[in-house]
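Right, one structure below, let's go through it.
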Amino acid sequence: MATTERKPLLLDFEKPLAELAKRIDQIRELAEENGVDVSGEIRKLETRALQLREEIFSNLTPSQRLQVARHPRRPSTLDYIQSISDEWMELHGDRCGGDDPALVGGVGRLGGQPVVMLGHQKGRDTKDNVARNFGMASPGGYRKALRLMEHANKFGMPILTFIDTPGAWAGIEAEHEGQGEAIAYNLREMFCFDVPIICTVIGEGGSGGALGIGVGDRLLMFEHAVYTVATPEACAAILWKDASKSPQAAVALKIVSHDLKNLGIIDEILSEPTGGAHADPLQAATTLKQSLLDNLDQLNRLTSQERRQLRYEKFRKIGVFTESVQG
């Protein structure tokens with residue numbers, strides 16, 4: 001059976017890289033046709049390509065990081081779970097008659113330790129995205145998540161959540177089914193659980209949809225992920241009645257990892273391969289697994305009472321600031 005190689009999906013700021021790669025291929029083809037040795041020139045161009053990629057991805061604007069976070073080939077919750085777990089069994093259903101495919105979860109082992117893992121699941125293409133509602137969970141999805149977390153708490157298994165959603169589903173039906181109540185209930189219960197909870201923003205962390213599985217002892221975040229109260233497009237439309245001002249809103253919202261670390265909202269930034277997590281998913285998964293194991297080791301040394309108290313204090317500090325009066 002013939003196989004076709006997937007074409008790379010280029011973001012706007014990656015075009016110079018594509019042009020340089022095309023130039024390298026052209027030189028290589030001409031050299032082969034004419035029997036000329038240009039290996040030295042090609043090595044120089046490949047080195048320049050690596051340097052250019054590092055320059056571009058080390059100086060991304062918040063708006064550009066948002067593009068990386070939304071990249072259709074960025075590793076998803078299921079990608080990471082399958083890469084980092086020793087064993088994995090997905091569990092379905094909220095026990096109220098539904099099974100939301102936008103939020104997945106189950107039981108597994110990480111480093112030999114039984115854990116419950118759950119998170120938002122986006123699709124890989126348009127058809128899959130429609131089936132998974134673009135990672136926007138319904139009330140049933142958050143109730144399924146709560147069922148799995150209660151199972152983890154009952155049997156003493158740490159909870160690992162993976163956040164990747166533009167926000168909770170905002171349809172009329174979701175409101176009829178109690179979207180706000182489902183998220184609020186999760187927030188309350190997650191503060192009370194005895195077991196360690198580690199939340200990781202792997203892509204796009206949006207609004208209450210992210211918070212519904214985002215209360216934990218540790219909040220990790222990939223380097224090019226974003227975490228925001230509202231999408232920059234929505235913010236721009238609300239403040240300026242102009243969605244085209246979303247790059248300006250992205251800066252003002254402080255959505256990127258280093259800003260959130262400085263504000264004390266996240267605890268650790270996970271480095272990504274040059275070019276983003278989708279450029280080398282296995283390396284990204286290795287980084288994630290090591291961080292989860294390190295944090296679990298630290299949290300397992302604490303008593304359940306100590307974890308609950310530190311969890312409470314962590315979230316009470318968010319948003320606290322001091323004012324100084326200048327004379």
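Just remember, in the structure tokens the first chain shown is A, the second B, etc., residues are 1-based per chain, and ligands are 1-based in the order shown.
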What lies within 10 Å of Glu173 (chain A) using only C-alpha atoms, ignoring chain neighbours under 4 positions off, as a tab-separated table (two decimals) with N, CA and C atoms, in the first residue's frame?
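Output file out-v4.tsv is given in full below:
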```tsv
chain	number	residue	atom	x	y	z
A	138	SER	N	-18.76	19.27	28.20
A	138	SER	CA	-20.13	19.53	28.65
A	138	SER	C	-20.21	19.30	30.15
A	139	PRO	N	-21.35	19.60	30.77
A	139	PRO	CA	-21.48	19.30	32.21
A	139	PRO	C	-21.23	17.82	32.50
A	169	TRP	N	-18.00	24.12	27.14
A	169	TRP	CA	-19.03	24.29	26.11
A	169	TRP	C	-20.07	25.31	26.59
A	177	GLU	N	-28.20	21.90	31.36
A	177	GLU	CA	-27.72	20.73	32.10
A	177	GLU	C	-26.86	21.10	33.31
A	178	GLY	N	-26.66	22.40	33.54
A	178	GLY	CA	-25.95	22.84	34.75
A	178	GLY	C	-24.46	22.95	34.60
A	179	GLN	N	-24.00	23.64	33.54
A	179	GLN	CA	-22.56	23.76	33.31
A	179	GLN	C	-21.85	24.46	34.47
```
Check your understanding: Which neighbours of Phe134 (chain A) fall inside 10 Å, counting only C-alpha atoms, when residues of the same chain fewer than 5 positions from it are skipped, and could you give them as a PyMOL selection string?
Key -> chain A and resi 101-102+120-129+164-167+169
Hey, can you spit out that residue selection with C-alpha atoms as a short mmCIF file (atom, residue, chain, number, x, y, z; two decimals), in the first residue's frame?
```cif
data_model
loop_
_atom_site.label_atom_id
_atom_site.label_comp_id
_atom_site.auth_asym_id
_atom_site.auth_seq_id
_atom_site.Cartn_x
_atom_site.Cartn_y
_atom_site.Cartn_z
CA PRO A 101 -15.69 12.54 24.44
CA ALA A 102 -14.28 16.06 25.00
CA HIS A 120 -9.52 17.58 27.76
CA GLN A 121 -9.24 15.89 24.37
CA LYS A 122 -9.23 17.84 21.12
CA GLY A 123 -9.46 16.21 17.69
CA ARG A 124 -6.68 15.76 15.17
CA ASP A 125 -8.75 16.84 12.14
CA THR A 126 -12.06 18.57 11.49
CA LYS A 127 -14.17 15.41 11.74
CA ASP A 128 -12.50 14.35 14.99
CA ASN A 129 -12.74 17.88 16.39
CA ASP A 164 -6.24 21.76 26.84
CA THR A 165 -9.47 23.58 26.04
CA PRO A 166 -10.61 26.96 24.70
CA GLY A 167 -13.25 26.84 27.44
CA TRP A 169 -19.03 24.29 26.11
#
```
Point to revise | Shell of 12 Å around Arg109 (chain A), only C-alpha atoms, local chain residues under 3 positions omitted, as a list in words | key: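 The contact residues come out as Ile81, Gln82, Ser83, Ile84, Ser85, Asp86, Glu87, Trp88, Met89, Gly106, Gly112, Gln113, Pro114, Val115, Val116, Met117, Met157, Pro158, Ile159, Leu160, Lys289 and Leu293 of chain A.
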Review point. So which residues touch region 214-220 of chain A within 7 Å, counting only C-alpha atoms, skipping near sequence neighbours fewer than 2 positions away, as a VMD selection string?
Key: chain A and resid 187 190 to 191 196 to 201 210 to 212 222 266 to 269 307 311
Please produce an output containing N, CA, C and O atoms for each residue in the selection, written as a JSON list (two decimals), in the first residue's frame.
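Ended up saving to result.json:
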```
[["chain", "number", "residue", "atom", "x", "y", "z"],
["A", 187, "LEU", "N", -14.59, 22.37, 41.56],
["A", 187, "LEU", "CA", -13.65, 23.24, 42.27],
["A", 187, "LEU", "C", -13.69, 22.96, 43.77],
["A", 187, "LEU", "O", -12.65, 22.82, 44.42],
["A", 190, "MET", "N", -12.26, 19.34, 44.62],
["A", 190, "MET", "CA", -10.83, 19.17, 44.41],
["A", 190, "MET", "C", -10.02, 19.78, 45.56],
["A", 190, "MET", "O", -8.92, 19.32, 45.86],
["A", 191, "PHE", "N", -10.55, 20.81, 46.21],
["A", 191, "PHE", "CA", -9.87, 21.38, 47.37],
["A", 191, "PHE", "C", -9.90, 20.42, 48.56],
["A", 191, "PHE", "O", -9.06, 20.51, 49.45],
["A", 196, "PRO", "N", -2.64, 13.43, 46.34],
["A", 196, "PRO", "CA", -1.93, 14.47, 45.57],
["A", 196, "PRO", "C", -2.64, 14.75, 44.25],
["A", 196, "PRO", "O", -3.16, 13.83, 43.60],
["A", 197, "ILE", "N", -2.65, 16.02, 43.86],
["A", 197, "ILE", "CA", -3.25, 16.42, 42.58],
["A", 197, "ILE", "C", -2.23, 17.28, 41.83],
["A", 197, "ILE", "O", -1.76, 18.29, 42.35],
["A", 198, "ILE", "N", -1.92, 16.87, 40.61],
["A", 198, "ILE", "CA", -1.02, 17.65, 39.76],
["A", 198, "ILE", "C", -1.75, 17.98, 38.46],
["A", 198, "ILE", "O", -2.22, 17.07, 37.76],
["A", 199, "CYS", "N", -1.85, 19.26, 38.14],
["A", 199, "CYS", "CA", -2.52, 19.72, 36.93],
["A", 199, "CYS", "C", -1.47, 20.26, 35.96],
["A", 199, "CYS", "O", -0.56, 20.99, 36.38],
["A", 200, "THR", "N", -1.59, 19.93, 34.69],
["A", 200, "THR", "CA", -0.64, 20.40, 33.69],
["A", 200, "THR", "C", -1.38, 21.03, 32.52],
["A", 200, "THR", "O", -2.26, 20.40, 31.93],
["A", 201, "VAL", "N", -1.02, 22.26, 32.19],
["A", 201, "VAL", "CA", -1.56, 22.92, 31.00],
["A", 201, "VAL", "C", -0.70, 22.47, 29.82],
["A", 201, "VAL", "O", 0.46, 22.86, 29.71],
["A", 210, "ALA", "N", -11.03, 25.26, 31.91],
["A", 210, "ALA", "CA", -9.75, 24.79, 32.42],
["A", 210, "ALA", "C", -9.81, 24.61, 33.93],
["A", 210, "ALA", "O", -9.28, 23.63, 34.48],
["A", 211, "LEU", "N", -10.45, 25.52, 34.62],
["A", 211, "LEU", "CA", -10.52, 25.45, 36.08],
["A", 211, "LEU", "C", -11.27, 24.24, 36.58],
["A", 211, "LEU", "O", -11.02, 23.76, 37.69],
["A", 212, "GLY", "N", -12.19, 23.72, 35.77],
["A", 212, "GLY", "CA", -13.00, 22.57, 36.20],
["A", 212, "GLY", "C", -12.19, 21.34, 36.53],
["A", 212, "GLY", "O", -12.67, 20.45, 37.25],
["A", 222, "PHE", "N", 3.40, 23.77, 30.04],
["A", 222, "PHE", "CA", 4.40, 23.70, 28.99],
["A", 222, "PHE", "C", 4.77, 25.11, 28.53],
["A", 222, "PHE", "O", 3.96, 26.04, 28.57],
["A", 266, "ILE", "N", 1.35, 29.62, 38.25],
["A", 266, "ILE", "CA", 1.84, 28.27, 37.97],
["A", 266, "ILE", "C", 3.10, 28.02, 38.79],
["A", 266, "ILE", "O", 3.78, 28.96, 39.22],
["A", 267, "ASP", "N", 3.42, 26.73, 38.97],
["A", 267, "ASP", "CA", 4.56, 26.36, 39.81],
["A", 267, "ASP", "C", 5.81, 26.00, 39.01],
["A", 267, "ASP", "O", 6.92, 26.16, 39.50],
["A", 268, "GLU", "N", 5.62, 25.52, 37.80],
["A", 268, "GLU", "CA", 6.78, 25.05, 37.03],
["A", 268, "GLU", "C", 6.51, 25.16, 35.54],
["A", 268, "GLU", "O", 5.39, 24.87, 35.07],
["A", 269, "ILE", "N", 7.52, 25.59, 34.80],
["A", 269, "ILE", "CA", 7.44, 25.65, 33.34],
["A", 269, "ILE", "C", 8.18, 24.46, 32.76],
["A", 269, "ILE", "O", 9.34, 24.21, 33.09],
["A", 307, "ARG", "N", -1.12, 18.56, 52.61],
["A", 307, "ARG", "CA", -1.41, 18.85, 51.20],
["A", 307, "ARG", "C", -2.63, 19.73, 51.06],
["A", 307, "ARG", "O", -2.63, 20.70, 50.28],
["A", 311, "ARG", "N", -2.55, 23.44, 49.51],
["A", 311, "ARG", "CA", -3.39, 23.67, 48.33],
["A", 311, "ARG", "C", -4.28, 24.90, 48.55],
["A", 311, "ARG", "O", -4.41, 25.76, 47.67]]
```
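Put simply, CA of Gly156 (chain A) is 26.2 Å away from CA of Ser76 (chain A).
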Can you pull out every residue within 9 Å of region 51-65 of chain A, counting only C-alpha atoms, but drop anything in the same chain fewer than 3 positions away, and send it as a PDB file with N, CA, C and O atoms, in the first residue's frame?
```pdb
ATOM      1  N   LEU A  11       3.080  27.675  10.616  1.00  0.00           N
ATOM      2  CA  LEU A  11       2.518  28.893  11.171  1.00  0.00           C
ATOM      3  C   LEU A  11       3.143  30.091  10.459  1.00  0.00           C
ATOM      4  O   LEU A  11       4.199  29.974   9.835  1.00  0.00           O
ATOM      5  N   ASP A  12       2.529  31.238  10.556  1.00  0.00           N
ATOM      6  CA  ASP A  12       2.981  32.419   9.813  1.00  0.00           C
ATOM      7  C   ASP A  12       4.456  32.730  10.038  1.00  0.00           C
ATOM      8  O   ASP A  12       5.200  33.005   9.100  1.00  0.00           O
ATOM      9  N   PHE A  13       4.872  32.670  11.288  1.00  0.00           N
ATOM     10  CA  PHE A  13       6.247  33.067  11.612  1.00  0.00           C
ATOM     11  C   PHE A  13       7.270  31.974  11.275  1.00  0.00           C
ATOM     12  O   PHE A  13       8.462  32.180  11.435  1.00  0.00           O
ATOM     13  N   GLU A  14       6.792  30.821  10.807  1.00  0.00           N
ATOM     14  CA  GLU A  14       7.701  29.740  10.422  1.00  0.00           C
ATOM     15  C   GLU A  14       8.062  29.767   8.938  1.00  0.00           C
ATOM     16  O   GLU A  14       8.854  28.935   8.488  1.00  0.00           O
ATOM     17  N   PRO A  16      10.019  31.758   7.108  1.00  0.00           N
ATOM     18  CA  PRO A  16      11.452  31.833   6.797  1.00  0.00           C
ATOM     19  C   PRO A  16      12.157  30.481   6.946  1.00  0.00           C
ATOM     20  O   PRO A  16      13.072  30.166   6.183  1.00  0.00           O
ATOM     21  N   LEU A  17      11.717  29.665   7.892  1.00  0.00           N
ATOM     22  CA  LEU A  17      12.292  28.339   8.075  1.00  0.00           C
ATOM     23  C   LEU A  17      11.968  27.440   6.888  1.00  0.00           C
ATOM     24  O   LEU A  17      12.823  26.686   6.410  1.00  0.00           O
ATOM     25  N   GLU A  46      22.155  24.096   7.184  1.00  0.00           N
ATOM     26  CA  GLU A  46      21.393  23.368   8.205  1.00  0.00           C
ATOM     27  C   GLU A  46      21.664  23.939   9.598  1.00  0.00           C
ATOM     28  O   GLU A  46      20.751  24.025  10.425  1.00  0.00           O
ATOM     29  N   THR A  47      22.914  24.329   9.844  1.00  0.00           N
ATOM     30  CA  THR A  47      23.246  24.974  11.117  1.00  0.00           C
ATOM     31  C   THR A  47      22.511  26.294  11.241  1.00  0.00           C
ATOM     32  O   THR A  47      21.980  26.634  12.314  1.00  0.00           O
ATOM     33  N   ARG A  48      22.469  27.044  10.135  1.00  0.00           N
ATOM     34  CA  ARG A  48      21.750  28.325  10.130  1.00  0.00           C
ATOM     35  C   ARG A  48      20.253  28.104  10.373  1.00  0.00           C
ATOM     36  O   ARG A  48      19.614  28.876  11.089  1.00  0.00           O
ATOM     37  N   VAL A  68       0.974  28.404  18.569  1.00  0.00           N
ATOM     38  CA  VAL A  68       1.671  27.140  18.847  1.00  0.00           C
ATOM     39  C   VAL A  68       0.807  26.262  19.749  1.00  0.00           C
ATOM     40  O   VAL A  68       0.694  25.050  19.532  1.00  0.00           O
ATOM     41  N   ALA A  69       0.191  26.859  20.760  1.00  0.00           N
ATOM     42  CA  ALA A  69      -0.654  26.100  21.690  1.00  0.00           C
ATOM     43  C   ALA A  69      -1.843  25.468  20.978  1.00  0.00           C
ATOM     44  O   ALA A  69      -2.334  24.410  21.387  1.00  0.00           O
ATOM     45  N   ARG A  70      -2.314  26.118  19.915  1.00  0.00           N
ATOM     46  CA  ARG A  70      -3.470  25.618  19.170  1.00  0.00           C
ATOM     47  C   ARG A  70      -3.079  24.757  17.963  1.00  0.00           C
ATOM     48  O   ARG A  70      -3.952  24.343  17.201  1.00  0.00           O
ATOM     49  N   GLU A 223       6.000  25.230  28.088  1.00  0.00           N
ATOM     50  CA  GLU A 223       6.606  26.512  27.726  1.00  0.00           C
ATOM     51  C   GLU A 223       5.750  27.338  26.766  1.00  0.00           C
ATOM     52  O   GLU A 223       5.600  28.547  26.934  1.00  0.00           O
ATOM     53  N   HIS A 224       5.189  26.705  25.743  1.00  0.00           N
ATOM     54  CA  HIS A 224       4.416  27.430  24.732  1.00  0.00           C
ATOM     55  C   HIS A 224       2.909  27.276  24.900  1.00  0.00           C
ATOM     56  O   HIS A 224       2.144  27.641  24.003  1.00  0.00           O
ATOM     57  N   ALA A 225       2.478  26.741  26.050  1.00  0.00           N
ATOM     58  CA  ALA A 225       1.050  26.670  26.346  1.00  0.00           C
ATOM     59  C   ALA A 225       0.560  28.048  26.793  1.00  0.00           C
ATOM     60  O   ALA A 225       1.365  28.951  27.073  1.00  0.00           O
ATOM     61  N   VAL A 226      -0.753  28.220  26.869  1.00  0.00           N
ATOM     62  CA  VAL A 226      -1.329  29.476  27.343  1.00  0.00           C
ATOM     63  C   VAL A 226      -2.409  29.153  28.382  1.00  0.00           C
ATOM     64  O   VAL A 226      -3.007  28.077  28.360  1.00  0.00           O
ATOM     65  N   PRO A 232      -7.979  35.723  23.748  1.00  0.00           N
ATOM     66  CA  PRO A 232      -7.669  37.082  23.317  1.00  0.00           C
ATOM     67  C   PRO A 232      -8.698  37.632  22.323  1.00  0.00           C
ATOM     68  O   PRO A 232      -9.012  38.824  22.349  1.00  0.00           O
ATOM     69  N   SER A 246      -6.804  41.201  18.883  1.00  0.00           N
ATOM     70  CA  SER A 246      -6.475  40.098  19.782  1.00  0.00           C
ATOM     71  C   SER A 246      -4.990  40.028  20.147  1.00  0.00           C
ATOM     72  O   SER A 246      -4.671  39.655  21.281  1.00  0.00           O
ATOM     73  N   PRO A 247      -4.033  40.382  19.242  1.00  0.00           N
ATOM     74  CA  PRO A 247      -2.629  40.383  19.687  1.00  0.00           C
ATOM     75  C   PRO A 247      -2.378  41.340  20.848  1.00  0.00           C
ATOM     76  O   PRO A 247      -1.608  41.034  21.765  1.00  0.00           O
ATOM     77  N   GLN A 248      -3.044  42.515  20.811  1.00  0.00           N
ATOM     78  CA  GLN A 248      -2.909  43.467  21.907  1.00  0.00           C
ATOM     79  C   GLN A 248      -3.524  42.903  23.186  1.00  0.00           C
ATOM     80  O   GLN A 248      -2.961  43.038  24.275  1.00  0.00           O
ATOM     81  N   ALA A 249      -4.652  42.215  23.040  1.00  0.00           N
ATOM     82  CA  ALA A 249      -5.305  41.605  24.200  1.00  0.00           C
ATOM     83  C   ALA A 249      -4.446  40.480  24.780  1.00  0.00           C
ATOM     84  O   ALA A 249      -4.380  40.309  26.001  1.00  0.00           O
ATOM     85  N   ALA A 250      -3.781  39.728  23.910  1.00  0.00           N
ATOM     86  CA  ALA A 250      -2.938  38.617  24.374  1.00  0.00           C
ATOM     87  C   ALA A 250      -1.812  39.109  25.268  1.00  0.00           C
ATOM     88  O   ALA A 250      -1.445  38.457  26.247  1.00  0.00           O
ATOM     89  N   VAL A 251      -1.268  40.270  24.946  1.00  0.00           N
ATOM     90  CA  VAL A 251      -0.213  40.863  25.775  1.00  0.00           C
ATOM     91  C   VAL A 251      -0.782  41.298  27.120  1.00  0.00           C
ATOM     92  O   VAL A 251      -0.209  41.032  28.184  1.00  0.00           O
ATOM     93  N   LYS A 254      -1.660  38.544  29.911  1.00  0.00           N
ATOM     94  CA  LYS A 254      -0.586  37.782  30.571  1.00  0.00           C
ATOM     95  C   LYS A 254      -0.869  36.282  30.490  1.00  0.00           C
ATOM     96  O   LYS A 254      -0.973  35.580  31.495  1.00  0.00           O
ATOM     97  N   ILE A 255      -0.957  35.761  29.271  1.00  0.00           N
ATOM     98  CA  ILE A 255      -1.383  34.381  29.077  1.00  0.00           C
ATOM     99  C   ILE A 255      -0.242  33.380  28.971  1.00  0.00           C
ATOM    100  O   ILE A 255      -0.479  32.178  28.976  1.00  0.00           O
ATOM    101  N   VAL A 256       0.994  33.857  28.869  1.00  0.00           N
ATOM    102  CA  VAL A 256       2.101  32.944  28.591  1.00  0.00           C
ATOM    103  C   VAL A 256       2.773  32.468  29.880  1.00  0.00           C
ATOM    104  O   VAL A 256       2.627  33.067  30.947  1.00  0.00           O
ATOM    105  N   THR A 274      12.708  22.562  20.524  1.00  0.00           N
ATOM    106  CA  THR A 274      12.731  23.716  19.628  1.00  0.00           C
ATOM    107  C   THR A 274      11.741  23.486  18.493  1.00  0.00           C
ATOM    108  O   THR A 274      11.790  22.472  17.815  1.00  0.00           O
ATOM    109  N   GLY A 275      10.809  24.419  18.332  1.00  0.00           N
ATOM    110  CA  GLY A 275       9.763  24.246  17.335  1.00  0.00           C
ATOM    111  C   GLY A 275       8.431  23.857  17.938  1.00  0.00           C
ATOM    112  O   GLY A 275       7.436  23.728  17.234  1.00  0.00           O
ATOM    113  N   GLY A 276       8.407  23.669  19.266  1.00  0.00           N
ATOM    114  CA  GLY A 276       7.160  23.313  19.934  1.00  0.00           C
ATOM    115  C   GLY A 276       7.050  21.830  20.209  1.00  0.00           C
ATOM    116  O   GLY A 276       7.789  21.012  19.653  1.00  0.00           O
TER     117      GLY A 276
END
```
Exercise for review: Within 10 Å of Tyr142 (chain A), counting only C-alpha atoms, which residues show up once you throw out same-chain ones fewer than 2 positions away? Write them as number ranges by chain, please.
Suggested key: A: 94, 100, 102-104, 119-120, 137-140, 144-148, 168, 179, 181-186, 209, 212-213
